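Asks: Questions regarding the structure given below will be posed in turn.
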Number of protein chains: 2
Amino acid sequence: MQDTRNIIQEARKQGQDSLSEYHSKQILTHYGIPTVQEALVRDLDAAREAAEKIGYPVVLKVCSPEVTHKTEKGLIVVQAMVKGPRELVAGMVRDAQFGPCVMLGLGGIFTETLNDVSFRVAPIEKRDVLEMVEELRGKKILEAIRGMDAVSMDVLVQTLVALGKIGLEHPHIREIDINPLIVQGSQPVAVDALVVLGEPPEEQPETTFQPQQLETFFSPESVVVIGASSAEGKPGNDVIRNMMDNGYKGDIHLVNPKGGEILGIQVKPSIDDLPPGIELAIIILPAKLNPQTIRDCAAKGVKAVVLAAGGFAEVDEEGESLQEDLKRAIKETGVRVIGPNTSGHTSTPHNFTSSFFPLGKIPRGNISYIAQTGNFATHTMRYIATAEHFGVARVVGMGNKVDVEECEVLQYCADDPETKAIFMYLESFKNPRRFLEVAREVTKVKPVILLKGGRTSTGAKAAVAHTAALASDHRITEGALKQAGIVPIYHYSHLFMAAKVLSSMPLPKGNRVSMLGPSGAMLVVLSDFCKQSGLDVPKLEESSRERLQEISPPFLRMRNPVDIWGSATVHSVEFGYREGMEAVLKDPNIDAVVPILLLTDRSGIPSYDFIVDLAERYPEKPILVTFSGEIKHYENAKAFLEPRGVPTFPLIEEPFEVLSILAQCRKAMERE
Amino acid sequence: MQDTRNIIQEARKQGQDSLSEYHSKQILTHYGIPTVQEALVRDLDAAREAAEKIGYPVVLKVCSPEVTHKTEKGLIVVQAMVKGPRELVAGMVRDAQFGPCVMLGLGGIFTETLNDVSFRVAPIEKRDVLEMVEELRGKKILEAIRGMDAVSMDVLVQTLVALGKIGLEHPHIREIDINPLIVQGSQPVAVDALVVLGEPPEEQPETTFQPQQLETFFSPESVVVIGASSAEGKPGNDVIRNMMDNGYKGDIHLVNPKGGEILGIQVKPSIDDLPPGIELAIIILPAKLNPQTIRDCAAKGVKAVVLAAGGFAEVDEEGESLQEDLKRAIKETGVRVIGPNTSGHTSTPHNFTSSFFPLGKIPRGNISYIAQTGNFATHTMRYIATAEHFGVARVVGMGNKVDVEECEVLQYCADDPETKAIFMYLESFKNPRRFLEVAREVTKVKPVILLKGGRTSTGAKAAVAHTAALASDHRITEGALKQAGIVPIYHYSHLFMAAKVLSSMPLPKGNRVSMLGPSGAMLVVLSDFCKQSGLDVPKLEESSRERLQEISPPFLRMRNPVDIWGSATVHSVEFGYREGMEAVLKDPNIDAVVPILLLTDRSGIPSYDFIVDLAERYPEKPILVTFSGEIKHYENAKAFLEPRGVPTFPLIEEPFEVLSILAQCRKAMERE
């Protein structure tokens with residue numbers, strides 16, 4: 001490390017913005033990365049001598065003219081010739097969000113044509129490298145193919161781990177490119193290397209990480225609305241109504257210079273008039289009044305503040321400077337703040353919400369949402385409340401995240417006995433490295449599912465073949481999230497579909513699915529769909545198969561997926577599905593079961609009790625219901641089953657979209 | 001061609017199952033494919049002489065010991081050394097379904113690691129080759145990269161077109177592998193080539209292609225149900241009820257040995273007792289009675305028959321032989337047959353159906369379905385009738401396709417003024433090459449959308465690097481369908497979602513979308529989604545942008561996608577969406593518009609008339625509606641809008657899934 005420091009220091013003194021190839025490889029060698037054998041010589045005689053020592057064939061390189069490093073001027077590099085048809089590329093890049101990241105990909109001409117690369121945030125370990133390899137479309141190149149040995153994973157791990165280490169230990173190194181990393185026999189060897197220098201990144205501002213302090217937001221004993229309004233339809237009025245509609249049991253105080261009474265509560269003309277000891281303040285005042293109001297609240301002993309106003313950094317420069325004022329007020333007073341520009345937060349176990357959009361009684365449940373959007377305190381919450389039958393525990397609209405940040409809420413939800421699964425919508429990370437650290441542990445105990453907004457906006461700049469150019473924000477983010485065990489989703493609607501299943505069903509033990517349907521064609525289409533979604537539709541135990549055969553006409557050869565039309569026709573829809581579902585639920589090869597119910601007047605509508613009963617008797621295997629037939633029957637099935645904990649889906653692909661997400665959650669939880 | 005015949009004949013005489021490399025390349029050369037320069041010599045002196053003529057460096061190859069071809073034994077091949085970092089692979093394979101197919105892919109070590117190949121059915125033309133290149137993930141390798149010239153498309157086209165031609169002209173050639181096809185400078189050169197021989201494929205059985213004859217199925221003047229039943233709930237009873245429920249205006253005759261009267265119609269005890277000249281017979285009798293019944297019907301002048309019974313080739317060997325009997329009866333009599341094992345067909349313009357599942361009045365419309373499943377005459381038709389507001393024109397359950405095949409129905413629907421768009425679910429093609437021929441023309445005049453069942457079952461056998469092994473059924477099928485302009489879908493539910501849009505909306509002119517929503521987060525997520533679905537969310541004209549700005553609060557910077565929350569809050573939901581939609585509908589950069597309606601009690605529910613009005617005033621641009629908010633309002637919006645021709649979707653991704661399909665349809669229709 002000392003040697004490396006010296007090399008970097010010397011180069012910086014010379015005004016270089018990168019190291020010579022020779023020095024670049026010296027650093028790699030110091031960190032245990034196998035590099036091509038080479039020698040630096042002053043004349044041709046010495047070159048001949050070096051070549052003999054290295055062994056022919058060799059490559060001679062003259063130090064490039066850009067290299068102004070005095071001691072290398074006029075020098076010749078004698079390099080062993082490394083050949084191999086397998087070329088990789090590896091590197092390190094200092095990401096603006098996540099800091100040093102490690103890269104592995106296909107090398108040579110394929111680096112820029114296929115862009116087949118994978119990223120992880122440093123430090124990395126062996127498991128990360130194996131996952132990176134798994135992500136490469138051309139991963140087979142590392143296997144024993146065409147008479148070549150499999151690539152040594154030990155050496156690859158050593159190389160990539162070391163790249164991460166260099167990045168962490170030397171903030172003046174901005175980027176490292178090893179291209180190519182040629183596989184000689186089974187050994188990856190760095191043949192060409194470039195270390196790019198740069199100024200160390202700015203320190204990320206210190207942020208508070210005190211998740212236990214959030215308790216005040218989620219179970220305040222008393223609350224004050226500053227900017228309370230008597231006008232129906234105004235935020236300062238709706239917020240009071242919302243608390244009442246949700247049965248908030250703490251004290252509600254109101255402040256408005258006009259005084260008077262709103263919804264039966266006496267209004268105080270100023271903060272000064274409030275009693276001391278109120279825990280939470282909801283401030284619904286114009287942006288520019290916010291900093292002073294925070295100070296006034298703090299003076300009265302308020303611990304936690306929700307700031308509704310917009311008009312800060314999200315708008316213009318004036319707003320930005322206002323946001324700085326806000327930060328100062330927060331720092332001075334030590335209050336915790338959600339927002340500004342938040343549409344509120346919710347805590348159903350405490351019958352509380354700070355939302356100022358009329359929400360009615362918010363259904364209580366075990367799903368928590370952390371959202372960088374106001375939707376979950378407005379129309380999306382109304383969607384959940386009216387279209388679905390699951391409920392929420394904690395919901396936070398993060399707003400501008402001037403104080404409370406997403407990983408604090410994530411940790412709070414992880415520790416929260418009311419929360420079973422955590423869903424997030426984020427467009428940015430306030431403290432990306434800490435977020436990963438927190439998530440890495442949380443995902444081992446609870447499913448964490450993230451919809452990341454803005455994936456493709458910066459996705460297309462990878463035109464040249466160096467590490468930084470290959471690293472779109474999205475690629476690095478995807479790698480980082482995977483590393484942390486977070487399951488990515490790409491549909492807004494999956495935020496509800498997956499939630500509804502997790503709210504009442506167990507996480508499946510794996511990705512092995514059985515489905516029962518009234519149509520061979522549907523089963524064929526869905527089997528295709530499963531395969532493409534990472535789900536397996538495995539063979540059943542012989543005993544399960546026999547049971548299915550027993551309940552079906554003899555000319556049908558029963559197997560998984562289960563064509564239940566025959567049984568339903570010969571016996572009844574209820575009998576066919578009930579007995580068929582039980583057969584596959586019992587099967588040790590099956591982790592989850594999807595009945596596609598046949599629901600038409602003609603075929604006869606079953607009583608749905610049997611499904612609730614099966615769900616109770618097989619509590620380790622999720623059951624997700626979908627249907628084919630007349631829509632009114634589906635609506636009835638949904639209305640019956642969902643309040644009883646069995647999720648239903650109108651479209652036959654939807655249960656499998658969800659199961660694919662859940663299987664990934666299970667995998668994340670099983671990491672060591 | 002004569003030379004090629006001779007080479008093949010000679011090799012077959014010698015019992016070879018493939019040609020020597022030398023002869024393989026001779027054939028390629030005859031067809032104008034650039035191959036490496038080489039000479040066949042008898043001794044080293046001659047080799048030296050040849051080498052000097054070709055120019056050093058050269059490669060010497062001894063004819064392989066497996067080659068028992070007398071005239072080549074002991075010979076030496078002197079070959080020019082071709083080098084280039086860009087290796088492709090090309091080939092021809094005789095597919096069991098589609099006949100000779102041409103392949104192009106990445107070569108060298110990447111052939112088996114990346115499996116990056118594309119197939120087309122021969123004959124191919126330049127456009128096909130350009131599309132094949134476009135499909136390669138590594139297509140950039142063909143461009144001018146790393147100081148290399150772009151690969152000559154002319155030579156590539158010449159090579160691939162020639163491979164197809166060889167396949168078509170020489171049925172004894174089973175496969176051709178050119179691996180590698182090295183790019184020397186800009187010129188692809190076949191360096192290694194193997195021609196594999198085999199028995200010519202069996203002639204596909206002659207099938208009838210008389211789509212105009214199908215008219216009898218779709219507008220029969222009179223019909224007889226053979227196997228009519230008086231028992232409610234029996235197929236022989238339901239079929240009569242279905243015709244009555246649909247208001248069939250022709251004569252209905254019934255046959256049952258018991259005689260009597262069913263649903264007010266006199267039953268004849270036998271076919272003999274029927275009057276002559278009945279056009280269509282629906283036979284609902286056990287399988288083994290079908291062949292003779294066809295003969296009896298034909299004797300009475302029946303022209304078209306629907307066979308309901310299962311129990312044929314889909315079941316067992318006995319059924320297979322029964323199906324052969326059926327074929328003989330059809331051949332002898334010349335009647336046209338749909339089925340057996342069909343659940344019927346429907347023709348709403350004629351108020352007619354042969355389905356024996358109670359369907360009620362089937363909604364009339366302009367969508368036709370060709371389905372290799374009974375679903376569209378049973379529960380799926382009930383889904384369409386109860387869950388959606390579009391109607392169907394012609395629907396055929398193909399059954400075992402013993403006579404009428406899918407491409408005849410496809411042609412019929414293409415010529416049918418009642419059909420606007422054609423949807424298919426198929427698991428196999430009866431006459432694959434003819435299907436492609438027909439589809440290629442039909443897709444130029446009407447959208448043809450296909451869900452192909454069984455895509456993944458044979459998808460994973462590509463383990464070694466030759467053309468046949470790279471050719472999973474699915475890969476070839478995908479290439480073939482694309483070539484024919486058919487748009488593939490992968491969700492069963494897209495069979496309805498896309499149909500509902502096509503039934504009332506125009507096909508968009510392209511893939512450029514504008515969306516208006518109440519939430520920045522939703523717009524961000526949907527923009528990501530569009531990008532991944534091949535849709536563009538382009539910039540607006542300045543005038544459109546100005547109009548959006550005019551109707552919005554000044555602190556919002558309006559653009560596409562359109563955040564309409566501000567305008568909806570300041571003015572009203574109706575005003576915001578109406579004015580916003582009109583601004584983007586007017587914009588020449590926009591092909592389709594998706595409003596995500598904000599529907600909550602609080603925000604106020606608009607009258608939906610304005611959307612119907614906009615759809616009428618901008619008849620060239622499809623409008624697809626989705627929403628966020630309370631589900632009852634969505635249900636009302638759907639109930640209002642869909643009968644008036646504006647399609648709606650409950651989940652915000654769905655309109656974009658459909659638009660992606662429609663943009664592909666447009667592209668297919670614009671092919672020359």
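Please note that chains go A, B, ... in the order of the structure tokens, that every chain numbers its residues from 1, and that ligands are numbered from 1 in the order shown.
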Could you give me the residues within stretch 18-246 of chain B that DSSP places in alpha helix (DSSP H), as number ranges by chain?
Replies: B: 21-30, 44-54, 110-114, 126-135, 153-169, 215-218, 235-245
Asks: So that I can check the surroundings of A:Gly520, please list as a ChimeraX atom specification every protein, DNA and RNA residue that reaches within 9 Å of it, counting only C-alpha atoms and ignoring chain neighbours fewer than 6 positions away.
Replies: /A:561-563,565 /B:373
Asks: Mind writing the picked residues with N, CA, C and O atoms as a PDB file, in the first residue's frame?
Replies:
ATOM      1  N   PRO A 561     -48.141 -29.187 -15.581  1.00  0.00           N
ATOM      2  CA  PRO A 561     -49.353 -28.523 -15.107  1.00  0.00           C
ATOM      3  C   PRO A 561     -50.584 -29.414 -15.243  1.00  0.00           C
ATOM      4  O   PRO A 561     -50.636 -30.284 -16.105  1.00  0.00           O
ATOM      5  N   VAL A 562     -51.578 -29.160 -14.363  1.00  0.00           N
ATOM      6  CA  VAL A 562     -52.707 -30.063 -14.199  1.00  0.00           C
ATOM      7  C   VAL A 562     -53.925 -29.590 -15.008  1.00  0.00           C
ATOM      8  O   VAL A 562     -54.504 -28.548 -14.706  1.00  0.00           O
ATOM      9  N   ASP A 563     -54.303 -30.365 -16.011  1.00  0.00           N
ATOM     10  CA  ASP A 563     -55.516 -30.071 -16.774  1.00  0.00           C
ATOM     11  C   ASP A 563     -56.691 -30.656 -15.996  1.00  0.00           C
ATOM     12  O   ASP A 563     -56.899 -31.863 -15.965  1.00  0.00           O
ATOM     13  N   TRP A 565     -59.975 -29.887 -16.320  1.00  0.00           N
ATOM     14  CA  TRP A 565     -61.260 -29.827 -17.023  1.00  0.00           C
ATOM     15  C   TRP A 565     -61.990 -31.167 -16.956  1.00  0.00           C
ATOM     16  O   TRP A 565     -63.182 -31.231 -16.669  1.00  0.00           O
TER      17      TRP A 565
ATOM     18  N   THR B 373     -57.589 -24.268 -29.839  1.00  0.00           N
ATOM     19  CA  THR B 373     -58.055 -24.589 -28.494  1.00  0.00           C
ATOM     20  C   THR B 373     -59.556 -24.357 -28.495  1.00  0.00           C
ATOM     21  O   THR B 373     -60.053 -23.530 -29.252  1.00  0.00           O
TER      22      THR B 373
END
Asks: Per DSSP on the backbone, filter stretch 595-639 of chain B down to the residues in strand (DSSP E) and report them as a list in words.
Replies: Pro595, Ile596, Leu597, Leu598, Leu599, Thr626, Phe627, Ser628 and Gly629 of chain B
Asks: Could you give me, as a PyMOL selection string, the residues within 9 Å of A:Asp128, counting only C-alpha atoms and dropping anything in the same chain fewer than 5 positions from it?
Replies: chain A and resi 120+133+157+483
Asks: Counting only C-alpha atoms, which residue out of A:Glu199, A:Glu427, A:Glu672, A:Glu657 sits closest to A:Ala484?
Replies: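 Once distances to A:Ala484 are computed over only C-alpha atoms, the minimum belongs to A:Glu672.
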Asks: Would you list the contacts of B:Pro358 as an mmCIF file with N, CA and C atoms, in the first residue's frame, taking every protein, DNA or RNA residue within 8 Å and counting only C-alpha atoms, but skipping same-chain residues closer than 4 positions in sequence?
Replies:
data_model
loop_
_atom_site.group_PDB
_atom_site.id
_atom_site.type_symbol
_atom_site.label_atom_id
_atom_site.label_comp_id
_atom_site.auth_asym_id
_atom_site.auth_seq_id
_atom_site.Cartn_x
_atom_site.Cartn_y
_atom_site.Cartn_z
ATOM 1 N N ARG A 602 -72.686 -22.214 -16.603
ATOM 2 C CA ARG A 602 -72.908 -23.580 -17.047
ATOM 3 C C ARG A 602 -72.092 -24.595 -16.254
ATOM 4 N N ASP B 238 -77.487 -27.915 -26.400
ATOM 5 C CA ASP B 238 -76.930 -26.561 -26.274
ATOM 6 C C ASP B 238 -76.651 -25.931 -27.632
ATOM 7 N N VAL B 239 -76.224 -26.740 -28.579
ATOM 8 C CA VAL B 239 -75.877 -26.180 -29.889
ATOM 9 C C VAL B 239 -77.110 -25.545 -30.548
ATOM 10 N N ARG B 241 -79.836 -24.387 -28.912
ATOM 11 C CA ARG B 241 -80.108 -23.201 -28.105
ATOM 12 C C ARG B 241 -79.188 -22.042 -28.503
ATOM 13 N N ASN B 242 -77.915 -22.346 -28.680
ATOM 14 C CA ASN B 242 -76.960 -21.302 -29.063
ATOM 15 C C ASN B 242 -77.358 -20.626 -30.369
ATOM 16 N N THR B 378 -65.885 -21.482 -25.553
ATOM 17 C CA THR B 378 -66.364 -21.844 -24.210
ATOM 18 C C THR B 378 -66.067 -20.705 -23.220
#
Asks: Can you work out which residues from chain A touch chain B at a cut-off of 6 Å (counting only C-alpha atoms) and hand them back as a ChimeraX atom specification?
Replies: /A:113-114,138,140-141,379-380,382-383,386-387,453-454,456,524-525,528,629-631
Asks: Excluding B:Ile611 and any residue of its chain fewer than 3 positions from it, enumerate the residues within 8 Å of it, using only C-alpha atoms, and give them as number ranges by chain.
Replies: B: 578, 608, 614-615, 646
Asks: Quick one: of A:Lys126, A:His345, A:Lys500, A:His23, who's nearest to A:Pro647, counting only C-alpha atoms?
Replies: A:Lys500
